[in-house]
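**Q** For reference, this is upload.cif, and it has mmCIF, C-alpha atoms.
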```
data_structure
#
loop_
_atom_site.label_atom_id
_atom_site.label_comp_id
_atom_site.auth_asym_id
_atom_site.auth_seq_id
_atom_site.Cartn_x
_atom_site.Cartn_y
_atom_site.Cartn_z
CA MET H 13 155.67 -16.03 8.27
CA ARG H 14 158.42 -15.83 5.74
CA LYS H 15 158.10 -18.09 2.74
CA HIS H 16 161.26 -20.19 2.50
CA GLN H 17 162.66 -19.94 -1.00
CA ARG H 18 165.98 -21.66 -0.65
CA PHE H 19 167.66 -24.72 0.82
CA LEU H 20 170.59 -24.15 3.13
CA ALA H 21 173.99 -24.98 1.72
CA PHE H 22 174.27 -27.92 4.09
CA ALA H 23 172.14 -30.12 6.28
CA THR H 24 168.82 -29.86 4.50
CA VAL H 25 168.24 -33.55 5.00
CA GLY H 26 165.66 -32.40 7.51
CA ALA H 27 163.05 -31.46 4.91
CA VAL H 28 161.03 -34.45 5.87
CA VAL H 29 158.09 -35.47 7.98
CA CYS H 30 158.90 -37.01 11.34
CA THR H 31 156.89 -39.18 13.63
CA ALA H 32 154.49 -37.80 16.15
CA GLY H 33 151.33 -38.70 17.99
CA LEU H 34 150.48 -41.43 20.44
CA ILE H 35 150.58 -44.90 18.93
CA PRO H 36 151.30 -48.43 20.11
CA SER H 37 154.77 -49.87 19.81
CA VAL H 38 155.60 -51.83 16.70
CA SER H 39 155.33 -55.09 18.60
CA GLN H 40 152.00 -54.08 20.14
CA ALA H 41 150.68 -53.08 16.75
CA ALA H 42 151.86 -56.35 15.30
CA ASP H 43 149.94 -58.31 17.91
CA SER H 44 146.75 -56.44 17.02
CA GLY H 45 146.41 -58.32 13.74
CA ASP H 46 146.57 -55.06 11.74
CA ARG H 47 150.16 -54.28 12.45
CA ASP H 48 151.46 -52.21 9.56
CA GLU H 49 148.35 -50.14 8.98
CA LYS H 50 147.95 -49.20 12.65
CA GLY H 51 151.67 -48.77 13.18
CA SER H 52 152.45 -46.46 10.28
CA TYR H 53 152.82 -42.70 10.49
CA ALA H 54 150.65 -42.14 7.41
CA ALA H 55 147.70 -44.15 8.73
CA THR H 56 147.97 -42.67 12.21
CA HIS H 57 147.95 -39.10 10.93
CA GLY H 58 145.71 -39.40 7.90
CA LEU H 59 148.35 -38.63 5.31
CA THR H 60 147.86 -39.78 1.74
CA ALA H 61 150.40 -41.65 -0.33
CA ASP H 62 150.95 -38.44 -2.29
CA ASP H 63 151.73 -36.57 0.94
CA ILE H 64 154.41 -39.09 1.85
CA LYS H 65 155.72 -39.18 -1.70
CA ASN H 66 156.22 -35.42 -1.72
CA ILE H 67 157.85 -35.45 1.71
CA ASN H 68 160.27 -38.20 0.73
CA ALA H 69 161.02 -36.49 -2.59
CA LEU H 70 162.02 -33.38 -0.66
CA ASN H 71 164.25 -35.50 1.51
CA GLU H 72 165.91 -37.19 -1.45
CA SER H 73 166.71 -33.84 -3.05
CA ALA H 74 167.93 -32.50 0.29
CA LEU H 75 170.48 -35.31 0.57
CA THR H 76 172.37 -33.71 -2.31
CA ALA H 77 172.26 -30.29 -0.68
CA GLY H 78 173.34 -31.84 2.60
CA GLN H 79 176.81 -32.58 1.23
CA PRO H 80 179.63 -30.04 1.69
CA PRO H 81 179.36 -27.11 -0.77
CA SER H 82 182.32 -28.44 -2.80
CA ALA H 83 180.44 -31.66 -3.54
CA GLY H 84 178.56 -30.06 -6.43
CA SER H 85 175.45 -28.09 -7.20
CA PHE H 86 172.03 -28.90 -5.85
CA SER H 87 169.36 -30.20 -8.21
CA ARG H 88 165.77 -30.51 -7.09
CA THR H 89 163.88 -33.70 -7.88
CA PRO H 90 160.82 -33.17 -10.12
CA ASP H 91 158.33 -34.11 -7.42
CA ALA H 92 159.83 -31.98 -4.64
CA VAL H 93 157.92 -28.89 -3.54
CA ASP H 94 159.58 -26.64 -0.97
CA ASP H 95 156.58 -25.24 0.90
CA ARG H 96 158.45 -24.99 4.18
CA GLU H 97 158.35 -21.66 6.05
CA THR H 98 160.40 -20.19 8.84
CA PRO H 99 158.38 -19.45 12.01
CA PRO H 100 158.30 -15.75 12.94
CA ALA H 101 160.29 -14.27 15.79
CA GLU H 102 158.73 -14.29 19.24
CA PRO H 103 159.19 -11.50 21.83
CA LEU H 104 161.87 -12.43 24.34
CA ASP H 105 159.69 -11.47 27.29
CA ARG H 106 156.58 -13.41 26.18
CA MET H 107 155.88 -16.41 28.40
CA PRO H 108 154.79 -19.72 26.83
CA ASP H 109 151.38 -21.28 27.28
CA ALA H 110 151.09 -24.72 28.87
CA TYR H 111 151.37 -27.64 26.46
CA ARG H 112 148.50 -30.08 25.96
CA ALA H 113 149.50 -33.31 27.71
CA TYR H 114 148.18 -36.80 27.02
CA GLY H 115 149.49 -40.35 27.39
CA GLY H 116 153.12 -39.62 28.13
CA ARG H 117 153.35 -36.82 25.57
CA ALA H 118 152.81 -33.07 25.68
CA THR H 119 152.26 -31.06 22.49
CA THR H 120 152.33 -27.43 21.42
CA VAL H 121 152.57 -25.25 18.32
CA VAL H 122 156.05 -24.37 17.11
CA ASN H 123 155.62 -20.68 18.00
CA ASN H 124 154.92 -21.61 21.63
CA TYR H 125 157.97 -23.89 21.68
CA ILE H 126 160.09 -20.91 20.61
CA ARG H 127 158.73 -18.97 23.61
CA LYS H 128 159.59 -21.83 25.96
CA TRP H 129 163.01 -22.24 24.39
CA GLN H 130 163.75 -18.56 24.90
CA GLN H 131 162.69 -18.65 28.56
CA GLU H 132 164.31 -21.95 29.54
CA TYR H 133 166.84 -23.21 27.00
CA SER H 134 168.29 -20.15 25.26
CA TYR H 135 170.81 -19.02 27.86
CA ARG H 136 174.31 -18.15 26.68
CA ASP H 137 176.72 -17.24 29.45
CA GLY H 138 173.82 -16.76 31.84
CA LYS H 139 171.74 -14.47 29.63
CA LYS H 140 168.47 -15.26 27.86
CA GLN H 141 168.65 -15.07 24.08
CA GLN H 142 165.98 -14.52 21.47
CA MET H 143 165.90 -17.37 18.96
CA THR H 144 167.65 -16.07 15.88
CA GLU H 145 166.36 -16.30 12.34
CA GLU H 146 169.03 -18.91 11.61
CA GLN H 147 167.88 -21.03 14.56
CA ARG H 148 164.23 -20.66 13.54
CA GLU H 149 165.24 -21.65 10.02
CA LYS H 150 166.78 -24.84 11.39
CA LEU H 151 163.79 -25.48 13.63
CA SER H 152 161.40 -25.31 10.66
CA TYR H 153 162.67 -28.71 9.46
CA GLY H 154 160.58 -30.59 12.02
CA CYS H 155 161.96 -33.33 14.27
CA VAL H 156 165.50 -33.01 12.97
CA GLY H 157 165.07 -29.24 13.22
CA VAL H 158 164.53 -29.45 16.98
CA THR H 159 167.78 -31.36 17.40
CA TRP H 160 169.57 -29.16 14.89
CA ALA H 161 168.53 -25.90 16.57
CA ASN H 162 169.69 -27.22 19.94
CA SER H 163 172.92 -28.93 18.90
CA GLY H 164 174.25 -26.18 16.62
CA PRO H 165 175.62 -28.20 13.68
CA TYR H 166 173.39 -30.49 11.68
CA PRO H 167 173.34 -33.99 13.25
CA THR H 168 176.11 -36.10 11.75
CA ASN H 169 175.08 -39.33 13.55
CA LYS H 170 178.65 -40.62 13.65
CA LEU H 171 178.86 -41.50 17.34
CA ALA H 172 175.85 -43.82 17.69
CA PHE H 173 175.07 -46.47 20.30
CA ALA H 174 172.50 -49.26 20.53
CA TYR H 175 171.97 -52.62 22.23
CA PHE H 176 171.21 -55.86 20.40
CA ASP H 177 170.48 -59.09 22.30
CA GLU H 178 172.26 -61.69 20.17
CA ASN H 179 171.10 -64.63 22.32
CA LYS H 180 167.47 -63.55 22.19
CA TYR H 181 167.69 -63.19 18.42
CA LYS H 182 169.14 -66.67 17.93
CA ASN H 183 166.76 -68.32 20.39
CA ASP H 184 163.70 -66.63 18.93
CA LEU H 185 164.65 -67.68 15.41
CA LYS H 186 164.73 -71.28 16.64
CA ASN H 187 161.80 -71.30 19.02
CA ILE H 188 159.24 -68.87 17.59
CA SER H 189 157.13 -69.73 14.58
CA ALA H 190 156.33 -67.32 11.81
CA ARG H 191 152.79 -65.97 11.74
CA PRO H 192 150.45 -67.55 9.16
CA ASP H 193 150.74 -64.60 6.78
CA GLU H 194 154.44 -63.89 7.27
CA THR H 195 157.18 -64.44 4.74
CA ARG H 196 160.53 -65.68 5.99
CA ALA H 197 162.05 -62.25 5.39
CA GLU H 198 159.26 -60.57 7.33
CA PHE H 199 159.69 -63.04 10.20
CA GLU H 200 163.45 -62.52 10.43
CA GLY H 201 163.05 -58.75 10.27
CA ARG H 202 160.49 -58.81 13.09
CA ILE H 203 162.67 -61.00 15.30
CA ALA H 204 165.67 -58.76 14.70
CA LYS H 205 163.66 -55.64 15.53
CA ASP H 206 162.40 -57.20 18.76
CA SER H 207 165.97 -58.09 19.77
CA PHE H 208 166.97 -54.44 20.08
CA ASP H 209 166.57 -52.90 23.53
CA GLU H 210 166.38 -49.12 23.29
CA ALA H 211 166.51 -48.61 27.05
CA LYS H 212 169.88 -50.38 27.19
CA GLY H 213 171.10 -48.52 24.12
CA PHE H 214 170.20 -45.22 25.75
CA GLU H 215 171.85 -46.30 29.01
CA ARG H 216 175.04 -47.15 27.12
CA ALA H 217 175.10 -43.72 25.46
CA ARG H 218 174.56 -42.00 28.83
CA ASP H 219 177.40 -43.97 30.41
CA VAL H 220 179.81 -43.06 27.62
CA ALA H 221 178.75 -39.40 27.67
CA SER H 222 179.41 -39.37 31.41
CA LEU H 223 182.95 -40.67 30.88
CA MET H 224 183.53 -38.09 28.17
CA ASN H 225 182.34 -35.26 30.40
CA LYS H 226 184.70 -36.38 33.16
CA ALA H 227 187.54 -36.39 30.64
CA LEU H 228 186.66 -32.86 29.49
CA GLU H 229 187.08 -31.42 32.99
CA ASN H 230 190.28 -29.38 33.30
CA ALA H 231 191.44 -30.55 29.86
CA HIS H 232 192.57 -27.43 28.00
CA ASP H 233 193.85 -29.19 24.89
CA GLU H 234 192.72 -32.18 22.90
CA GLY H 235 195.71 -34.33 23.85
CA THR H 236 194.91 -33.97 27.54
CA TYR H 237 191.26 -34.77 26.84
CA ILE H 238 192.21 -37.98 25.01
CA ASP H 239 194.59 -38.99 27.80
CA ASN H 240 191.88 -38.31 30.40
CA LEU H 241 189.37 -40.27 28.35
CA LYS H 242 191.67 -43.29 28.13
CA THR H 243 192.17 -43.13 31.89
CA GLU H 244 188.42 -43.10 32.48
CA LEU H 245 187.94 -46.01 30.09
CA THR H 246 190.72 -47.97 31.77
CA ASN H 247 189.23 -47.41 35.21
CA SER H 248 185.86 -48.60 33.89
CA ASN H 249 187.36 -51.53 31.96
CA ASP H 250 185.47 -50.25 28.92
CA ALA H 251 185.92 -51.89 25.51
CA LEU H 252 186.01 -48.45 23.84
CA LEU H 253 189.59 -48.15 25.06
CA GLN H 254 190.59 -50.45 22.18
CA GLU H 255 189.09 -48.21 19.50
CA ASP H 256 191.56 -46.88 16.95
CA THR H 257 192.62 -43.32 17.78
CA ARG H 258 191.28 -42.24 14.37
CA SER H 259 187.85 -43.73 15.01
CA ASN H 260 184.66 -41.70 15.32
CA PHE H 261 184.84 -42.21 19.07
CA TYR H 262 188.17 -40.50 19.61
CA SER H 263 187.74 -37.92 16.84
CA ALA H 264 184.21 -36.83 17.84
CA LEU H 265 185.29 -33.72 19.73
CA ARG H 266 187.66 -32.40 17.08
CA ASP H 267 185.01 -33.01 14.39
CA THR H 268 182.47 -30.82 16.22
CA PRO H 269 182.34 -27.35 14.59
CA ALA H 270 181.48 -25.57 17.86
CA PHE H 271 184.70 -26.91 19.41
CA LYS H 272 186.73 -24.79 17.00
CA GLU H 273 184.64 -21.61 17.13
CA ARG H 274 185.82 -18.62 19.12
CA ASP H 275 182.47 -18.24 20.88
CA GLY H 276 182.21 -22.00 21.40
CA GLY H 277 185.05 -24.21 22.57
CA ASN H 278 187.87 -22.20 20.97
CA TYR H 279 189.87 -25.48 20.95
CA ASP H 280 189.51 -25.77 24.73
CA PRO H 281 187.86 -29.12 25.62
CA SER H 282 187.00 -27.91 29.12
CA ARG H 283 184.53 -25.47 27.53
CA MET H 284 182.53 -28.30 25.93
CA LYS H 285 180.05 -30.93 27.16
CA ALA H 286 178.82 -34.21 25.71
CA VAL H 287 175.07 -34.41 25.10
CA ILE H 288 172.66 -36.93 23.57
CA TYR H 289 170.00 -37.14 20.88
CA SER H 290 168.28 -40.09 19.19
CA LYS H 291 167.35 -41.23 15.70
CA HIS H 292 164.75 -43.80 14.61
CA PHE H 293 165.09 -45.16 11.07
CA TRP H 294 164.66 -48.22 8.81
CA SER H 295 167.38 -50.86 8.43
CA GLY H 296 166.75 -51.96 4.82
CA GLN H 297 168.66 -49.21 3.04
CA ASN H 298 170.77 -51.27 0.64
CA GLN H 299 169.11 -50.52 -2.68
CA ARG H 300 171.28 -53.12 -4.40
CA GLY H 301 170.34 -55.85 -1.95
CA PRO H 302 167.30 -58.15 -1.86
CA SER H 303 164.02 -56.25 -2.10
CA ASP H 304 162.56 -58.19 0.85
CA LYS H 305 165.14 -56.61 3.17
CA ARG H 306 164.00 -53.17 2.08
CA LYS H 307 160.40 -54.18 2.80
CA TYR H 308 160.80 -56.16 6.01
CA GLY H 309 164.16 -55.03 7.33
CA ASP H 310 167.74 -56.26 7.11
CA PRO H 311 168.50 -58.37 10.21
CA GLU H 312 172.25 -57.81 9.79
CA ALA H 313 172.18 -54.05 9.22
CA PHE H 314 173.05 -51.38 11.79
CA ARG H 315 173.75 -53.83 14.59
CA PRO H 316 175.99 -52.46 17.35
CA ASP H 317 179.39 -53.88 18.13
CA GLN H 318 178.78 -56.37 20.93
CA GLY H 319 181.70 -55.05 22.97
CA THR H 320 181.46 -51.27 22.57
CA GLY H 321 177.82 -50.73 21.60
CA LEU H 322 178.94 -48.55 18.68
CA VAL H 323 176.79 -48.58 15.54
CA ASP H 324 178.38 -48.02 12.14
CA MET H 325 176.10 -45.39 10.62
CA SER H 326 178.18 -44.84 7.48
CA LYS H 327 175.59 -46.62 5.32
CA ASP H 328 172.64 -44.67 6.71
CA ARG H 329 171.16 -42.73 3.79
CA SER H 330 167.80 -41.97 5.42
CA ILE H 331 166.03 -44.21 2.89
CA PRO H 332 162.49 -45.10 3.97
CA ARG H 333 161.01 -48.56 4.17
CA SER H 334 159.79 -49.92 0.83
CA PRO H 335 156.08 -50.78 0.48
CA ALA H 336 155.23 -54.48 0.60
CA ARG H 337 151.51 -54.04 -0.01
CA PRO H 338 149.38 -51.65 -2.08
CA GLY H 339 148.75 -48.32 -0.40
CA GLU H 340 151.63 -48.46 2.09
CA SER H 341 153.66 -45.30 2.60
CA TRP H 342 156.53 -44.88 5.03
CA VAL H 343 158.47 -41.88 6.31
CA ASN H 344 162.20 -42.11 6.68
CA PHE H 345 163.25 -41.05 10.19
CA ASP H 346 162.51 -39.40 13.52
CA TYR H 347 164.89 -37.37 15.67
CA GLY H 348 164.53 -36.71 19.41
CA TRP H 349 166.58 -34.24 21.47
CA PHE H 350 167.66 -35.22 25.00
CA GLY H 351 170.59 -32.99 25.85
CA ALA H 352 172.22 -33.58 29.23
CA GLN H 353 169.34 -34.36 31.54
CA THR H 354 170.38 -35.87 34.86
CA GLU H 355 167.13 -37.69 35.65
CA ALA H 356 168.28 -41.16 36.70
CA ASP H 357 165.07 -42.96 35.73
CA ALA H 358 165.08 -43.29 31.95
CA ASP H 359 161.27 -43.52 31.89
CA LYS H 360 161.05 -40.02 33.35
CA THR H 361 163.36 -38.41 30.79
CA ILE H 362 161.86 -36.05 28.21
CA TRP H 363 162.52 -36.23 24.47
CA THR H 364 161.73 -33.17 22.34
CA HIS H 365 160.83 -33.66 18.69
CA GLY H 366 158.35 -32.53 16.03
CA ASN H 367 155.64 -33.92 13.83
CA HIS H 368 156.83 -32.59 10.45
CA TYR H 369 158.40 -29.58 8.80
CA HIS H 370 156.62 -26.25 9.16
CA ALA H 371 154.29 -25.66 6.19
CA PRO H 372 151.29 -23.72 7.58
CA ASN H 373 150.01 -22.68 4.17
CA SER H 374 150.03 -26.16 2.66
CA ASP H 375 147.89 -29.26 3.12
CA LEU H 376 150.55 -30.60 5.50
CA GLY H 377 149.99 -27.75 7.93
CA PRO H 378 151.97 -26.12 10.74
CA MET H 379 154.64 -27.87 12.75
CA HIS H 380 153.93 -29.06 16.29
CA VAL H 381 156.59 -29.77 18.91
CA TYR H 382 156.33 -32.72 21.32
CA GLU H 383 157.81 -33.54 24.68
CA SER H 384 157.61 -37.32 25.12
CA LYS H 385 158.48 -39.56 28.02
CA PHE H 386 161.06 -42.18 27.09
CA ARG H 387 158.59 -45.08 26.72
CA ASN H 388 156.52 -42.99 24.35
CA TRP H 389 159.56 -41.88 22.39
CA SER H 390 161.16 -45.33 22.15
CA ALA H 391 157.91 -47.06 21.06
CA GLY H 392 158.41 -45.79 17.52
CA TYR H 393 156.32 -46.64 14.46
CA ALA H 394 156.23 -49.47 11.94
CA ASP H 395 158.18 -47.08 9.71
CA PHE H 396 161.28 -47.83 11.79
CA ASP H 397 163.08 -50.88 13.13
CA ARG H 398 166.20 -49.23 14.52
CA GLY H 399 166.68 -46.76 17.35
CA THR H 400 170.13 -45.33 18.03
CA TYR H 401 171.38 -42.92 20.67
CA MET H 402 173.96 -40.37 19.56
CA ILE H 403 176.57 -38.36 21.41
CA THR H 404 177.61 -34.91 20.23
CA PHE H 405 179.24 -31.90 21.85
CA ILE H 406 178.02 -28.38 22.57
CA PRO H 407 179.64 -25.52 24.51
CA LYS H 408 179.02 -25.56 28.26
CA SER H 409 177.79 -21.98 28.00
CA TRP H 410 174.76 -23.20 26.03
CA ASN H 411 171.71 -24.11 28.08
CA THR H 412 169.95 -26.09 25.35
CA ALA H 413 170.60 -29.18 27.44
CA PRO H 414 169.21 -28.43 30.92
CA ALA H 415 169.61 -31.01 33.67
CA LYS H 416 165.85 -31.15 34.23
CA VAL H 417 163.07 -30.79 31.70
CA LYS H 418 159.57 -30.18 33.02
CA GLN H 419 157.14 -31.69 30.55
CA GLY H 420 154.55 -29.29 29.18
CA TRP H 421 155.98 -26.32 31.06
CA PRO H 422 154.77 -24.02 32.63
#
```
Just give me the structure as structure tokens.

**A**
Amino acid sequence: MRKHQRFLAFATVGAVVCTAGLIPSVSQAADSGDRDEKGSYAATHGLTADDIKNINALNESALTAGQPPSAGSFSRTPDAVDDRETPPAEPLDRMPDAYRAYGGRATTVVNNYIRKWQQEYSYRDGKKQQMTEEQREKLSYGCVGVTWANSGPYPTNKLAFAYFDENKYKNDLKNISARPDETRAEFEGRIAKDSFDEAKGFERARDVASLMNKALENAHDEGTYIDNLKTELTNSNDALLQEDTRSNFYSALRDTPAFKERDGGNYDPSRMKAVIYSKHFWSGQNQRGPSDKRKYGDPEAFRPDQGTGLVDMSKDRSIPRSPARPGESWVNFDYGWFGAQTEADADKTIWTHGNHYHAPNSDLGPMHVYESKFRNWSAGYADFDRGTYMITFIPKSWNTAPAKVKQGWP
């Protein structure tokens, strides 16, 4: 394995641990009477506070490097240690071993995932491709690396969807009592978290992606695509029709790097397709706001528009939850790749992600890749109280988004 000695010029936000393993949902953990300890990534995986501190320090320093090159030079934070390594190349003709499956999740080592990717997901214009060093470099970042390697550009998270039940939130605030040991802020944060419905958020993203893909058909310039999209929205009586033409929704295609590349879209919308990935994160990211919101969540933050389902992610800085009690440590996000699966039953869809960045020669250890059923993926951890579903675009010639994903293949 090649020791990684540098951060990429952009998109190194991914130098961070991501959730993995089989755990109860946040609400289930809360009902156990030991909610935060059982629901946290650190407790579930036996990581120390120093482990999490180092991981989050790497992420904080990576945020600077994740800006465009003109934004300024990169400076590493004192506590950050870049012990990430790029997995080695795998022979194109080597078949993968079966994953180890348990409880709605199948797991494998990153090297075996590369073999599966090459056999099943790597196709470009009908031909299998060996995962390049650049792709393996991206993959080494863990959960965000899986999405990054499959989507091409680093996830920008601009076109995000979620579902928030406003009536449930208001009724629960009135009719449910706080637990004996809960502060008011903790109670409101819990009720807000429980008012999000990830299944409906995912469904909304799939519906919008479907409309976008219809609009892409036979559209050989962006103007035709936009006109087609407005027609589809009109026929569906969709509130997105009223979005400003400069909004993230209408500008998403033109802002996708692969759309402009000669071997990608080459400015031809009909050569692109809309696909989906997901991000779990913490709502209390306003460092100038009340400290309780950083500890227990901000009920008002990252709520979707009630009409369109769009989530304003402009204030997402990947800041982890703040500790409320001694010994607590929280990671900052989890990414899951979906692609363009056509499985109608959301519970049968497969989400590919990773446990943490690849550091086989450190205490953190090697990266593992997971294929999780939707219920397992959407359960989350106590580290997160928001789950959003993102739409991005990739060339149709890429097969990183197959219609069917067989869990734990072969």

**Q** Considering only C-alpha atoms, return as a list in words whatever protein or nucleic-acid residues lie within 8 Å of Trp294 in chain H, sequence-local ones (same chain, fewer than 2 positions apart) excluded.

**A**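 What passes the distance filter is His292, Gly296, Gln297, Gly309, Ser330, Ile331, Pro332, Arg333, Asn344, Phe345, Asp395, Phe396, Asp397 and Arg398 of chain H.
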
**Q** On this file, the PyMOL selection byres ((chain H and resi 285-288) around 10) gives some set of residues; write that set as a ChimeraX atom specification.

**A** /H:159,163,171-172,214,217-218,220-229,264-265,271,277,281-284,289-290,348-353,401-410,412-413

**Q** Give me a file of those residues, with C-alpha atoms, as a PDB file, keeping the file's coordinate frame.

**A**
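The result, stored in again.pdb:
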```
ATOM      1  CA  THR H 159     167.780 -31.360  17.400  1.00  0.00           C
ATOM      2  CA  SER H 163     172.920 -28.930  18.900  1.00  0.00           C
ATOM      3  CA  LEU H 171     178.860 -41.500  17.340  1.00  0.00           C
ATOM      4  CA  ALA H 172     175.850 -43.820  17.690  1.00  0.00           C
ATOM      5  CA  PHE H 214     170.200 -45.220  25.750  1.00  0.00           C
ATOM      6  CA  ALA H 217     175.100 -43.720  25.460  1.00  0.00           C
ATOM      7  CA  ARG H 218     174.560 -42.000  28.830  1.00  0.00           C
ATOM      8  CA  VAL H 220     179.810 -43.060  27.620  1.00  0.00           C
ATOM      9  CA  ALA H 221     178.750 -39.400  27.670  1.00  0.00           C
ATOM     10  CA  SER H 222     179.410 -39.370  31.410  1.00  0.00           C
ATOM     11  CA  LEU H 223     182.950 -40.670  30.880  1.00  0.00           C
ATOM     12  CA  MET H 224     183.530 -38.090  28.170  1.00  0.00           C
ATOM     13  CA  ASN H 225     182.340 -35.260  30.400  1.00  0.00           C
ATOM     14  CA  LYS H 226     184.700 -36.380  33.160  1.00  0.00           C
ATOM     15  CA  ALA H 227     187.540 -36.390  30.640  1.00  0.00           C
ATOM     16  CA  LEU H 228     186.660 -32.860  29.490  1.00  0.00           C
ATOM     17  CA  GLU H 229     187.080 -31.420  32.990  1.00  0.00           C
ATOM     18  CA  ALA H 264     184.210 -36.830  17.840  1.00  0.00           C
ATOM     19  CA  LEU H 265     185.290 -33.720  19.730  1.00  0.00           C
ATOM     20  CA  PHE H 271     184.700 -26.910  19.410  1.00  0.00           C
ATOM     21  CA  GLY H 277     185.050 -24.210  22.570  1.00  0.00           C
ATOM     22  CA  PRO H 281     187.860 -29.120  25.620  1.00  0.00           C
ATOM     23  CA  SER H 282     187.000 -27.910  29.120  1.00  0.00           C
ATOM     24  CA  ARG H 283     184.530 -25.470  27.530  1.00  0.00           C
ATOM     25  CA  MET H 284     182.530 -28.300  25.930  1.00  0.00           C
ATOM     26  CA  TYR H 289     170.000 -37.140  20.880  1.00  0.00           C
ATOM     27  CA  SER H 290     168.280 -40.090  19.190  1.00  0.00           C
ATOM     28  CA  GLY H 348     164.530 -36.710  19.410  1.00  0.00           C
ATOM     29  CA  TRP H 349     166.580 -34.240  21.470  1.00  0.00           C
ATOM     30  CA  PHE H 350     167.660 -35.220  25.000  1.00  0.00           C
ATOM     31  CA  GLY H 351     170.590 -32.990  25.850  1.00  0.00           C
ATOM     32  CA  ALA H 352     172.220 -33.580  29.230  1.00  0.00           C
ATOM     33  CA  GLN H 353     169.340 -34.360  31.540  1.00  0.00           C
ATOM     34  CA  TYR H 401     171.380 -42.920  20.670  1.00  0.00           C
ATOM     35  CA  MET H 402     173.960 -40.370  19.560  1.00  0.00           C
ATOM     36  CA  ILE H 403     176.570 -38.360  21.410  1.00  0.00           C
ATOM     37  CA  THR H 404     177.610 -34.910  20.230  1.00  0.00           C
ATOM     38  CA  PHE H 405     179.240 -31.900  21.850  1.00  0.00           C
ATOM     39  CA  ILE H 406     178.020 -28.380  22.570  1.00  0.00           C
ATOM     40  CA  PRO H 407     179.640 -25.520  24.510  1.00  0.00           C
ATOM     41  CA  LYS H 408     179.020 -25.560  28.260  1.00  0.00           C
ATOM     42  CA  SER H 409     177.790 -21.980  28.000  1.00  0.00           C
ATOM     43  CA  TRP H 410     174.760 -23.200  26.030  1.00  0.00           C
ATOM     44  CA  THR H 412     169.950 -26.090  25.350  1.00  0.00           C
ATOM     45  CA  ALA H 413     170.600 -29.180  27.440  1.00  0.00           C
TER      46      ALA H 413
END
```

**Q** Write out as a list in words which residues come within 9 Å of Pro311 in chain H when counting all atoms listed in the file, dropping same-chain ones fewer than 3 positions away.

**A**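 Residues meeting the cut-off are Ala197, Glu200, Gly201, Arg202, Ile203, Ala204, Lys205, Ser295, Gly296, Lys305, Phe314 and Arg315 of chain H.
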
**Q** Could you list, as a ChimeraX atom specification, every residue matched by the PyMOL selection byres ((chain H and resi 128-141) around 9) in this structure?

**A** /H:102-109,123-127,142-144,162,408-414,421-422

**Q** Check the smallest atom-to-atom distance from each of H:Ala391, H:Asn230, H:Met379, H:Asp357 to Thr119 in chain H using only C-alpha atoms, then report the winner.

**A**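 Closest residue, counting only C-alpha atoms: H:Met379.
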
**Q** Determine, counting all atoms listed in the file, which protein, DNA and RNA residues have an atom within 10 Å of an atom of range 250-261 of chain H; residues of the same chain fewer than 3 positions away are not included. Present the result as a count of residues only.

**A** 23

**Q** Can you measure CA of Phe173 in chain H to CA of Phe199 in chain H for me? One decimal in Å is fine.

**A**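 Value for the CA of Phe173 in chain H-CA of Phe199 in chain H distance: 24.8 Å.
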
**Q** To one decimal place in Å, what is the distance between CA of Phe386 in chain H and CA of Ile362 in chain H?

**A**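 Between CA of Phe386 in chain H and CA of Ile362 in chain H the gap is 6.3 Å.
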
**Q** So which one's closest to Lys385 in chain H, H:His368, H:Pro99, H:Gln419, H:Asp239? Using all atoms listed in the file, please.

**A**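 Nearest candidate to Lys385 in chain H out of H:His368, H:Pro99, H:Gln419, H:Asp239: H:Gln419.
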
**Q** Please indicate the distance in Å from CA of Gly301 in chain H to CA of Asp328 in chain H, rounded to one decimal place.

**A** 14.3 Å

**Q** Produce the centre coordinates and the three edge lengths, each in Å to one decimal, of the box along x, y and z that contains all listed atoms of range 315-333 of chain H with 3 Å added on each side, as lines of an AutoDock Vina configuration file.

**A**
```
center_x = 171.4
center_y = -49.2
center_z = 12.9
size_x = 26.7
size_y = 20.4
size_z = 26.1
```

**Q** Expanded to explicit residues, what is the PyMOL selection byres ((chain H and resi 366) around 6) for this file, as an MDAnalysis selection string?

**A** chainID H and resid 154:155 365 367:368 380:382

**Q** Between H:Glu149, H:Glu198, H:Asp304, H:Asp233, single out the one closest to Lys272 in chain H, counting only C-alpha atoms.

**A**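 For Lys272 in chain H, the nearest of the given residues is H:Asp233.
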
**Q** Closest to Glu215 in chain H among H:Ala54, H:Ser326, H:Tyr175, H:His232, using all atoms listed in the file?

**A**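 Result for the nearest residue to Glu215 in chain H: H:Tyr175.
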
**Q** Which residue out of H:Asp62, H:Glu97, H:Tyr53, H:Asn187 has the minimum interatomic distance to His370 in chain H when all atoms listed in the file are used?

**A** H:Glu97
